[in-house]
>>> print(open('final-v4.cif').read())   # mmCIF, C-alpha atoms and all ligand atoms
data_final
#
loop_
_atom_site.label_atom_id
_atom_site.label_comp_id
_atom_site.auth_asym_id
_atom_site.auth_seq_id
_atom_site.Cartn_x
_atom_site.Cartn_y
_atom_site.Cartn_z
CA MET H 1433 -28.42 43.07 -16.11
CA THR H 1434 -25.31 45.18 -16.03
CA THR H 1435 -22.66 44.69 -18.61
CA GLU H 1436 -18.99 44.78 -19.15
CA ILE H 1437 -17.93 46.64 -22.26
CA LEU H 1438 -14.80 45.32 -23.83
CA ASN H 1439 -12.40 47.86 -25.08
CA GLY H 1440 -8.88 46.66 -24.42
CA GLY H 1441 -7.63 49.22 -26.88
CA TRP H 1442 -9.88 47.91 -29.59
CA ALA H 1443 -12.56 50.55 -29.31
CA ASP H 1444 -13.40 53.92 -27.85
CA ALA H 1445 -13.52 53.12 -24.15
CA GLY H 1446 -16.99 53.30 -22.71
CA SER H 1447 -18.72 54.32 -25.92
CA PRO H 1448 -22.35 53.24 -25.66
CA ALA H 1449 -22.23 52.11 -29.28
CA TRP H 1450 -20.14 49.10 -28.34
CA ARG H 1451 -22.26 46.32 -26.99
CA VAL H 1452 -19.57 43.70 -26.73
CA TYR H 1453 -19.72 41.32 -23.80
CA GLU H 1454 -17.01 39.01 -22.58
CA LYS H 1455 -18.92 38.07 -19.47
CA LEU H 1456 -22.42 38.73 -18.11
CA ASP H 1457 -23.53 39.84 -14.68
CA SER H 1458 -25.50 36.65 -14.06
CA GLU H 1459 -25.57 33.54 -11.91
CA ALA H 1460 -25.51 31.38 -15.05
CA ILE H 1461 -22.72 30.28 -17.35
CA TYR H 1462 -22.94 30.26 -21.16
CA LEU H 1463 -21.56 27.57 -23.48
CA THR H 1464 -20.80 28.93 -26.93
CA PHE H 1465 -19.77 26.72 -29.86
CA ASP H 1466 -18.07 28.36 -32.85
CA ASP H 1467 -17.39 27.61 -36.51
CA GLY H 1468 -20.06 24.95 -37.11
CA PRO H 1469 -22.32 23.33 -38.00
CA ASN H 1470 -20.13 20.26 -38.23
CA PRO H 1471 -21.85 17.06 -39.45
CA HIS H 1472 -19.18 14.98 -37.64
CA VAL H 1473 -19.80 16.50 -34.21
CA THR H 1474 -22.79 18.82 -33.89
CA PRO H 1475 -25.59 16.20 -34.01
CA ASP H 1476 -23.92 14.22 -31.18
CA LEU H 1477 -23.41 17.43 -29.25
CA LEU H 1478 -27.10 18.29 -29.63
CA ARG H 1479 -28.01 14.87 -28.18
CA LEU H 1480 -25.66 15.45 -25.25
CA LEU H 1481 -27.16 18.89 -24.55
CA ALA H 1482 -30.70 17.49 -24.79
CA GLU H 1483 -29.86 14.72 -22.31
CA ALA H 1484 -28.44 17.33 -19.93
CA ASN H 1485 -31.50 19.52 -20.56
CA VAL H 1486 -29.43 22.65 -21.25
CA LYS H 1487 -29.48 25.24 -24.00
CA ALA H 1488 -26.30 26.54 -25.59
CA THR H 1489 -25.31 29.09 -28.23
CA PHE H 1490 -23.93 28.18 -31.66
CA PHE H 1491 -22.06 30.94 -33.51
CA VAL H 1492 -22.35 29.41 -36.95
CA SER H 1493 -20.10 30.26 -39.88
CA GLY H 1494 -21.10 30.67 -43.52
CA ALA H 1495 -17.91 28.76 -44.37
CA SER H 1496 -19.47 25.68 -42.68
CA LEU H 1497 -22.98 26.11 -44.10
CA THR H 1498 -22.38 25.24 -47.72
CA SER H 1499 -23.67 21.64 -47.63
CA ARG H 1500 -27.28 20.54 -47.31
CA SER H 1501 -26.39 18.39 -44.33
CA ALA H 1502 -24.90 21.38 -42.50
CA GLN H 1503 -28.00 23.44 -43.27
CA ALA H 1504 -30.19 20.64 -41.90
CA ILE H 1505 -28.13 20.66 -38.70
CA LEU H 1506 -28.68 24.41 -38.38
CA ARG H 1507 -32.44 23.77 -38.51
CA LEU H 1508 -31.96 21.14 -35.80
CA ILE H 1509 -30.01 23.60 -33.59
CA ALA H 1510 -32.79 26.17 -33.99
CA GLY H 1511 -35.58 23.59 -33.62
CA GLU H 1512 -34.22 22.35 -30.31
CA GLY H 1513 -34.32 25.88 -28.93
CA HIS H 1514 -30.61 26.65 -28.82
CA THR H 1515 -29.44 30.13 -29.71
CA VAL H 1516 -28.12 30.65 -33.23
CA GLY H 1517 -25.46 33.35 -33.37
CA ASN H 1518 -23.85 34.98 -36.40
CA HIS H 1519 -20.13 34.25 -36.88
CA GLY H 1520 -19.95 35.82 -40.35
CA LEU H 1521 -20.50 34.56 -43.87
CA LEU H 1522 -16.72 34.57 -44.33
CA HIS H 1523 -14.37 33.43 -41.59
CA GLU H 1524 -11.99 36.33 -42.17
CA HIS H 1525 -10.18 38.99 -40.26
CA ASP H 1526 -8.50 40.84 -43.10
CA ALA H 1527 -11.77 41.18 -45.02
CA TYR H 1528 -15.20 42.14 -43.73
CA PRO H 1529 -16.89 38.87 -42.65
CA MET H 1530 -20.22 39.96 -44.20
CA PHE H 1531 -22.30 39.77 -41.04
CA ASP H 1532 -25.37 41.28 -42.73
CA GLN H 1533 -25.38 38.68 -45.50
CA MET H 1534 -24.88 35.94 -42.89
CA HIS H 1535 -27.89 37.29 -40.96
CA ASP H 1536 -30.00 36.82 -44.10
CA GLU H 1537 -28.54 33.38 -44.80
CA ILE H 1538 -29.42 32.16 -41.29
CA PHE H 1539 -32.93 33.59 -41.67
CA LYS H 1540 -33.38 31.86 -45.03
CA ILE H 1541 -32.29 28.48 -43.65
CA CYS H 1542 -34.01 28.40 -40.26
CA GLY H 1543 -36.29 31.43 -39.96
CA ILE H 1544 -34.40 33.10 -37.13
CA SER H 1545 -33.40 36.76 -37.18
CA THR H 1546 -30.36 36.84 -34.92
CA LYS H 1547 -28.49 40.03 -34.05
CA LEU H 1548 -26.22 38.12 -31.68
CA ILE H 1549 -22.80 38.16 -33.24
CA ARG H 1550 -19.23 36.99 -32.70
CA SER H 1551 -16.45 38.16 -34.93
CA PRO H 1552 -14.12 35.54 -36.48
CA TYR H 1553 -10.97 35.33 -34.30
CA GLY H 1554 -12.67 37.79 -31.95
CA TYR H 1555 -11.48 40.70 -34.11
CA PHE H 1556 -13.20 43.86 -33.02
CA ARG H 1557 -12.36 46.02 -36.01
CA ASN H 1558 -14.78 44.05 -38.19
CA LEU H 1559 -17.63 44.43 -35.73
CA ARG H 1560 -17.63 48.21 -35.84
CA ARG H 1561 -19.43 48.53 -39.14
CA TYR H 1562 -22.16 46.12 -38.05
CA LEU H 1563 -22.61 47.50 -34.53
CA GLU H 1564 -22.79 51.05 -35.85
CA THR H 1565 -25.61 50.28 -38.24
CA GLU H 1566 -27.57 47.62 -36.33
CA SER H 1567 -29.07 49.28 -33.28
CA VAL H 1568 -30.15 46.07 -31.53
CA ALA H 1569 -27.07 44.00 -32.38
CA VAL H 1570 -25.09 42.57 -29.48
CA ALA H 1571 -21.59 41.16 -29.86
CA PHE H 1572 -19.86 38.58 -27.72
CA HIS H 1573 -16.28 37.87 -26.91
CA TRP H 1574 -15.54 35.29 -24.19
CA SER H 1575 -14.03 35.11 -20.72
CA VAL H 1576 -13.03 31.42 -20.69
CA GLU H 1577 -11.44 29.48 -23.54
CA PHE H 1578 -10.04 25.98 -23.69
CA ARG H 1579 -8.16 26.30 -27.00
CA ASP H 1580 -10.03 23.18 -28.07
CA PHE H 1581 -9.08 23.74 -31.71
CA GLU H 1582 -5.92 21.84 -30.73
CA PRO H 1583 -5.58 18.56 -28.81
CA LEU H 1584 -6.08 19.29 -25.10
CA ASP H 1585 -4.42 17.61 -22.15
CA ALA H 1586 -5.86 17.21 -18.65
CA ALA H 1587 -3.93 20.17 -17.22
CA GLN H 1588 -5.38 22.52 -19.86
CA VAL H 1589 -8.88 21.28 -19.08
CA ARG H 1590 -8.34 21.84 -15.34
CA LEU H 1591 -6.99 25.34 -16.01
CA GLY H 1592 -10.05 26.25 -18.09
CA LEU H 1593 -12.47 24.86 -15.49
CA SER H 1594 -10.75 26.85 -12.74
CA GLN H 1595 -11.55 30.07 -14.65
CA ILE H 1596 -15.31 29.43 -14.79
CA VAL H 1597 -17.32 31.73 -12.52
CA PRO H 1598 -20.97 32.89 -12.65
CA GLY H 1599 -21.47 34.95 -15.81
CA SER H 1600 -18.68 33.25 -17.77
CA ILE H 1601 -19.04 33.07 -21.53
CA ILE H 1602 -17.14 29.93 -22.51
CA LEU H 1603 -15.63 29.57 -25.97
CA LEU H 1604 -15.73 26.07 -27.48
CA HIS H 1605 -15.54 24.80 -31.06
CA ASP H 1606 -17.81 22.24 -32.68
CA GLY H 1607 -16.81 23.45 -36.15
CA VAL H 1608 -13.60 23.87 -38.10
CA ALA H 1609 -12.50 27.29 -39.32
CA PRO H 1610 -11.10 27.25 -42.88
CA THR H 1611 -7.62 28.12 -41.58
CA ALA H 1612 -7.59 25.47 -38.82
CA LEU H 1613 -4.70 23.03 -39.05
CA TYR H 1614 -6.18 20.51 -36.60
CA LYS H 1615 -9.60 19.50 -37.85
CA ASP H 1616 -10.79 16.82 -35.41
CA ARG H 1617 -13.37 18.36 -33.07
CA SER H 1618 -14.47 15.13 -31.37
CA GLN H 1619 -12.88 16.13 -28.05
CA VAL H 1620 -15.55 18.81 -27.61
CA MET H 1621 -18.01 16.07 -26.57
CA LYS H 1622 -16.04 14.98 -23.50
CA LEU H 1623 -15.07 18.57 -22.76
CA THR H 1624 -18.71 19.70 -22.79
CA GLU H 1625 -19.66 16.81 -20.47
CA THR H 1626 -16.84 17.79 -18.11
CA ILE H 1627 -17.96 21.44 -18.06
CA LEU H 1628 -21.59 20.44 -17.46
CA ASP H 1629 -20.53 18.19 -14.55
CA TYR H 1630 -18.48 21.04 -13.13
CA ALA H 1631 -21.42 23.46 -13.45
CA ARG H 1632 -23.72 20.95 -11.73
CA GLN H 1633 -21.28 20.50 -8.82
CA ARG H 1634 -20.93 24.27 -8.39
CA GLY H 1635 -24.65 24.93 -8.83
CA PHE H 1636 -24.21 27.19 -11.88
CA PRO H 1637 -27.25 27.22 -14.18
CA VAL H 1638 -26.36 26.87 -17.88
CA ARG H 1639 -28.21 29.15 -20.27
CA ASP H 1640 -28.14 30.34 -23.87
CA LEU H 1641 -27.51 33.94 -24.90
CA ALA H 1642 -30.87 34.63 -26.56
CA PHE H 1643 -32.45 33.99 -23.16
CA GLU H 1644 -30.60 37.08 -21.90
CA PHE H 1645 -31.03 39.23 -25.04
CA PRO H 1646 -34.51 38.39 -26.38
CA THR H 1647 -34.96 41.68 -28.22
CA ALA H 1648 -31.98 40.89 -30.46
CA TYR H 1649 -33.38 37.47 -31.38
CA LEU H 1650 -36.60 36.90 -33.27
CA VAL H 1651 -37.91 33.45 -34.11
CA ASP H 1652 -40.17 33.46 -37.18
ZN ZN D 1701 -14.31 31.14 -35.57
#
>>> encode(input="final-v4.cif", output="structure tokens", more="lines below")
Ligand SMILES: [Zn+2]
Amino acid sequence: MTTEILNGGWADAGSPAWRVYEKLDSEAIYLTFDDGPNPHVTPDLLRLLAEANVKATFFVSGASLTSRSAQAILRLIAGEGHTVGNHGLLHEHDAYPMFDQMHDEIFKICGISTKLIRSPYGYFRNLRRYLETESVAVAFHWSVEFRDFEPLDAAQVRLGLSQIVPGSIILLHDGVAPTALYKDRSQVMKLTETILDYARQRGFPVRDLAFEFPTAYLVD
């Protein structure tokens, strides 16, 4: 698989140290859900994904993992074979999000060692420290977003769908970042169904990110 290294002025262009993907060279598309687990949404989402027989990626946040119910949902995500990604212990951009501590927290809760990472708000600066020290770590940005942390209208959904091509990494939100003003994530259910229908019509397989990067993802 060839890769696209993001730099966009954030990093030294072309440096092999930066394994940050916004899109993969693949026939599949990748659903990624950030900021969870969310007891109000994630269990329903897991049922929807199971019915559709697809695997997705959940970039979970330490800010959403403080309750026992959220930790139980993380075990469910892992148990159903979805990819668990690291979205930081802290959902911060001004402070280091503590990716290494979040790695250990995820391992403690569900026995997965994941070096698949997404920085809060997509900030690259905070990834540097982690990517420099973790030789197998792989970071992900996204190539399609729906801005589903706000109420969406039909035109926004159509616009997002029109941007989906093979290899797209699609940013969605099942969880609520601490700074989010709009906290209802229920629309992600319908949105996910719509994207899955679209993928089916176009013949795009839907896969999770650990499938593509197995060496960065160890299940205990
Ligand atoms: Zn986030």
>>> atom_distance(input="final-v4.cif", atom1="atom CA of H:Glu1644", atom2="atom CA of H:Gly1468")
22.1 Å
>>> residues_near_ligand(input="final-v4.cif", ligand="ligand ZN 1701 (chain D)", cutoff="7 Å", atoms="all atoms listed in the file", output="list in words")
Asp1466, Asp1467, His1519, His1523, Pro1552, Tyr1553 and Ala1609 of chain H
>>> atom_distance(input="final-v4.cif", atom1="atom CA of H:Gly1543", atom2="atom CA of H:His1514")
13.4 Å
>>> closest_residue(input="final-v4.cif", among="H:Asp1526, H:Phe1643, H:Pro1469, H:Thr1515", to="H:Ser1501", atoms="all atoms listed in the file")
H:Pro1469
>>> closest_residue(input="final-v4.cif", among="H:Gln1588, H:Phe1539, H:Glu1512, H:Gln1633", to="H:Arg1479", atoms="all atoms listed in the file")
H:Glu1512
>>> axis_aligned_box(input="final-v4.cif", around="stretch 1494-1497 of chain H", padding_each_side="6 Å", output="AutoDock Vina command-line options")
--center_x -20.4 --center_y 28.2 --center_z -43.5 --size_x 17.1 --size_y 17.0 --size_z 13.7
>>> atom_distance(input="final-v4.cif", atom1="atom CA of H:Leu1522", atom2="atom CA of H:Pro1475")
22.9 Å
>>> decode(input="final-v4.cif", residues="stretch 1476-1492 of chain H", atoms="all heavy atoms", output="PDB file, in the first residue's frame")
ATOM      1  N   ASP H1476     -25.868   1.569  20.172  1.00  0.00           N
ATOM      2  CA  ASP H1476     -26.755   1.488  19.004  1.00  0.00           C
ATOM      3  C   ASP H1476     -25.949   1.442  17.713  1.00  0.00           C
ATOM      4  O   ASP H1476     -26.272   0.715  16.776  1.00  0.00           O
ATOM      5  CB  ASP H1476     -27.697   2.706  18.952  1.00  0.00           C
ATOM      6  CG  ASP H1476     -28.765   2.650  20.035  1.00  0.00           C
ATOM      7  OD1 ASP H1476     -29.035   1.536  20.538  1.00  0.00           O
ATOM      8  OD2 ASP H1476     -29.316   3.707  20.375  1.00  0.00           O
ATOM      9  N   LEU H1477     -24.900   2.227  17.687  1.00  0.00           N
ATOM     10  CA  LEU H1477     -24.034   2.259  16.505  1.00  0.00           C
ATOM     11  C   LEU H1477     -23.387   0.893  16.280  1.00  0.00           C
ATOM     12  O   LEU H1477     -23.293   0.408  15.146  1.00  0.00           O
ATOM     13  CB  LEU H1477     -22.975   3.342  16.735  1.00  0.00           C
ATOM     14  CG  LEU H1477     -22.095   3.756  15.573  1.00  0.00           C
ATOM     15  CD1 LEU H1477     -22.930   4.195  14.376  1.00  0.00           C
ATOM     16  CD2 LEU H1477     -21.183   4.897  16.028  1.00  0.00           C
ATOM     17  N   LEU H1478     -22.968   0.255  17.366  1.00  0.00           N
ATOM     18  CA  LEU H1478     -22.357  -1.075  17.249  1.00  0.00           C
ATOM     19  C   LEU H1478     -23.363  -2.083  16.684  1.00  0.00           C
ATOM     20  O   LEU H1478     -22.994  -2.936  15.873  1.00  0.00           O
ATOM     21  CB  LEU H1478     -21.826  -1.547  18.605  1.00  0.00           C
ATOM     22  CG  LEU H1478     -20.602  -0.782  19.122  1.00  0.00           C
ATOM     23  CD1 LEU H1478     -20.271  -1.212  20.544  1.00  0.00           C
ATOM     24  CD2 LEU H1478     -19.388  -0.985  18.207  1.00  0.00           C
ATOM     25  N   ARG H1479     -24.630  -1.958  17.100  1.00  0.00           N
ATOM     26  CA  ARG H1479     -25.666  -2.857  16.546  1.00  0.00           C
ATOM     27  C   ARG H1479     -25.842  -2.608  15.052  1.00  0.00           C
ATOM     28  O   ARG H1479     -25.933  -3.547  14.258  1.00  0.00           O
ATOM     29  CB  ARG H1479     -26.995  -2.646  17.280  1.00  0.00           C
ATOM     30  CG  ARG H1479     -27.089  -3.458  18.574  1.00  0.00           C
ATOM     31  CD  ARG H1479     -28.487  -3.437  19.150  1.00  0.00           C
ATOM     32  NE  ARG H1479     -28.797  -2.166  19.784  1.00  0.00           N
ATOM     33  CZ  ARG H1479     -28.414  -1.857  21.040  1.00  0.00           C
ATOM     34  NH1 ARG H1479     -27.748  -2.713  21.787  1.00  0.00           N
ATOM     35  NH2 ARG H1479     -28.718  -0.685  21.553  1.00  0.00           N
ATOM     36  N   LEU H1480     -25.864  -1.342  14.681  1.00  0.00           N
ATOM     37  CA  LEU H1480     -26.019  -0.992  13.258  1.00  0.00           C
ATOM     38  C   LEU H1480     -24.855  -1.565  12.428  1.00  0.00           C
ATOM     39  O   LEU H1480     -25.070  -2.143  11.356  1.00  0.00           O
ATOM     40  CB  LEU H1480     -26.060   0.527  13.139  1.00  0.00           C
ATOM     41  CG  LEU H1480     -26.485   1.202  11.849  1.00  0.00           C
ATOM     42  CD1 LEU H1480     -26.884   2.641  12.145  1.00  0.00           C
ATOM     43  CD2 LEU H1480     -25.399   1.206  10.797  1.00  0.00           C
ATOM     44  N   LEU H1481     -23.645  -1.415  12.929  1.00  0.00           N
ATOM     45  CA  LEU H1481     -22.469  -1.910  12.197  1.00  0.00           C
ATOM     46  C   LEU H1481     -22.495  -3.436  12.107  1.00  0.00           C
ATOM     47  O   LEU H1481     -22.127  -4.012  11.085  1.00  0.00           O
ATOM     48  CB  LEU H1481     -21.184  -1.427  12.876  1.00  0.00           C
ATOM     49  CG  LEU H1481     -20.940   0.092  12.849  1.00  0.00           C
ATOM     50  CD1 LEU H1481     -19.763   0.459  13.744  1.00  0.00           C
ATOM     51  CD2 LEU H1481     -20.706   0.597  11.421  1.00  0.00           C
ATOM     52  N   ALA H1482     -22.955  -4.082  13.189  1.00  0.00           N
ATOM     53  CA  ALA H1482     -23.028  -5.547  13.180  1.00  0.00           C
ATOM     54  C   ALA H1482     -24.056  -6.022  12.152  1.00  0.00           C
ATOM     55  O   ALA H1482     -23.809  -6.979  11.408  1.00  0.00           O
ATOM     56  CB  ALA H1482     -23.383  -6.066  14.572  1.00  0.00           C
ATOM     57  N   GLU H1483     -25.202  -5.336  12.095  1.00  0.00           N
ATOM     58  CA  GLU H1483     -26.227  -5.703  11.114  1.00  0.00           C
ATOM     59  C   GLU H1483     -25.711  -5.527   9.690  1.00  0.00           C
ATOM     60  O   GLU H1483     -26.030  -6.308   8.802  1.00  0.00           O
ATOM     61  CB  GLU H1483     -27.490  -4.850  11.309  1.00  0.00           C
ATOM     62  CG  GLU H1483     -28.358  -5.339  12.451  1.00  0.00           C
ATOM     63  CD  GLU H1483     -29.386  -4.306  12.879  1.00  0.00           C
ATOM     64  OE1 GLU H1483     -29.701  -3.382  12.095  1.00  0.00           O
ATOM     65  OE2 GLU H1483     -29.869  -4.421  14.031  1.00  0.00           O
ATOM     66  N   ALA H1484     -24.907  -4.494   9.482  1.00  0.00           N
ATOM     67  CA  ALA H1484     -24.340  -4.244   8.151  1.00  0.00           C
ATOM     68  C   ALA H1484     -23.106  -5.102   7.896  1.00  0.00           C
ATOM     69  O   ALA H1484     -22.562  -5.098   6.785  1.00  0.00           O
ATOM     70  CB  ALA H1484     -23.977  -2.766   8.019  1.00  0.00           C
ATOM     71  N   ASN H1485     -22.649  -5.803   8.938  1.00  0.00           N
ATOM     72  CA  ASN H1485     -21.475  -6.676   8.821  1.00  0.00           C
ATOM     73  C   ASN H1485     -20.227  -5.910   8.374  1.00  0.00           C
ATOM     74  O   ASN H1485     -19.488  -6.351   7.508  1.00  0.00           O
ATOM     75  CB  ASN H1485     -21.784  -7.837   7.872  1.00  0.00           C
ATOM     76  CG  ASN H1485     -20.769  -8.956   8.011  1.00  0.00           C
ATOM     77  OD1 ASN H1485     -20.179  -9.135   9.081  1.00  0.00           O
ATOM     78  ND2 ASN H1485     -20.535  -9.699   6.931  1.00  0.00           N
ATOM     79  N   VAL H1486     -20.019  -4.728   8.960  1.00  0.00           N
ATOM     80  CA  VAL H1486     -18.809  -3.960   8.658  1.00  0.00           C
ATOM     81  C   VAL H1486     -18.061  -3.626   9.948  1.00  0.00           C
ATOM     82  O   VAL H1486     -18.643  -3.552  11.024  1.00  0.00           O
ATOM     83  CB  VAL H1486     -19.093  -2.644   7.885  1.00  0.00           C
ATOM     84  CG1 VAL H1486     -19.750  -2.925   6.548  1.00  0.00           C
ATOM     85  CG2 VAL H1486     -19.909  -1.678   8.702  1.00  0.00           C
ATOM     86  N   LYS H1487     -16.755  -3.445   9.782  1.00  0.00           N
ATOM     87  CA  LYS H1487     -15.908  -3.033  10.906  1.00  0.00           C
ATOM     88  C   LYS H1487     -15.502  -1.573  10.705  1.00  0.00           C
ATOM     89  O   LYS H1487     -15.233  -1.128   9.595  1.00  0.00           O
ATOM     90  CB  LYS H1487     -14.642  -3.895  10.966  1.00  0.00           C
ATOM     91  CG  LYS H1487     -14.921  -5.386  11.132  1.00  0.00           C
ATOM     92  CD  LYS H1487     -15.463  -5.730  12.505  1.00  0.00           C
ATOM     93  CE  LYS H1487     -15.616  -7.233  12.681  1.00  0.00           C
ATOM     94  NZ  LYS H1487     -17.037  -7.614  12.881  1.00  0.00           N
ATOM     95  N   ALA H1488     -15.465  -0.851  11.819  1.00  0.00           N
ATOM     96  CA  ALA H1488     -15.110   0.563  11.783  1.00  0.00           C
ATOM     97  C   ALA H1488     -13.985   0.822  12.780  1.00  0.00           C
ATOM     98  O   ALA H1488     -13.496  -0.099  13.436  1.00  0.00           O
ATOM     99  CB  ALA H1488     -16.333   1.412  12.123  1.00  0.00           C
ATOM    100  N   THR H1489     -13.577   2.067  12.868  1.00  0.00           N
ATOM    101  CA  THR H1489     -12.497   2.462  13.777  1.00  0.00           C
ATOM    102  C   THR H1489     -13.027   3.508  14.750  1.00  0.00           C
ATOM    103  O   THR H1489     -13.671   4.470  14.335  1.00  0.00           O
ATOM    104  CB  THR H1489     -11.322   3.045  12.963  1.00  0.00           C
ATOM    105  OG1 THR H1489     -10.890   2.048  12.035  1.00  0.00           O
ATOM    106  CG2 THR H1489     -10.169   3.453  13.864  1.00  0.00           C
ATOM    107  N   PHE H1490     -12.752   3.288  16.038  1.00  0.00           N
ATOM    108  CA  PHE H1490     -13.192   4.219  17.082  1.00  0.00           C
ATOM    109  C   PHE H1490     -11.973   4.853  17.732  1.00  0.00           C
ATOM    110  O   PHE H1490     -11.219   4.173  18.436  1.00  0.00           O
ATOM    111  CB  PHE H1490     -14.033   3.478  18.132  1.00  0.00           C
ATOM    112  CG  PHE H1490     -15.373   3.006  17.608  1.00  0.00           C
ATOM    113  CD1 PHE H1490     -15.479   1.842  16.863  1.00  0.00           C
ATOM    114  CD2 PHE H1490     -16.521   3.742  17.859  1.00  0.00           C
ATOM    115  CE1 PHE H1490     -16.716   1.413  16.363  1.00  0.00           C
ATOM    116  CE2 PHE H1490     -17.762   3.330  17.375  1.00  0.00           C
ATOM    117  CZ  PHE H1490     -17.853   2.164  16.623  1.00  0.00           C
ATOM    118  N   PHE H1491     -11.752   6.144  17.464  1.00  0.00           N
ATOM    119  CA  PHE H1491     -10.677   6.875  18.141  1.00  0.00           C
ATOM    120  C   PHE H1491     -11.241   7.395  19.464  1.00  0.00           C
ATOM    121  O   PHE H1491     -11.901   8.432  19.516  1.00  0.00           O
ATOM    122  CB  PHE H1491     -10.166   8.019  17.262  1.00  0.00           C
ATOM    123  CG  PHE H1491      -9.302   7.538  16.131  1.00  0.00           C
ATOM    124  CD1 PHE H1491      -9.807   7.418  14.840  1.00  0.00           C
ATOM    125  CD2 PHE H1491      -7.981   7.170  16.353  1.00  0.00           C
ATOM    126  CE1 PHE H1491      -9.014   6.952  13.802  1.00  0.00           C
ATOM    127  CE2 PHE H1491      -7.171   6.704  15.322  1.00  0.00           C
ATOM    128  CZ  PHE H1491      -7.696   6.590  14.038  1.00  0.00           C
ATOM    129  N   VAL H1492     -10.991   6.610  20.508  1.00  0.00           N
ATOM    130  CA  VAL H1492     -11.614   6.901  21.798  1.00  0.00           C
ATOM    131  C   VAL H1492     -10.782   7.905  22.591  1.00  0.00           C
ATOM    132  O   VAL H1492      -9.558   7.973  22.451  1.00  0.00           O
ATOM    133  CB  VAL H1492     -11.854   5.612  22.622  1.00  0.00           C
ATOM    134  CG1 VAL H1492     -12.867   4.715  21.917  1.00  0.00           C
ATOM    135  CG2 VAL H1492     -10.562   4.854  22.886  1.00  0.00           C
TER     136      VAL H1492
END
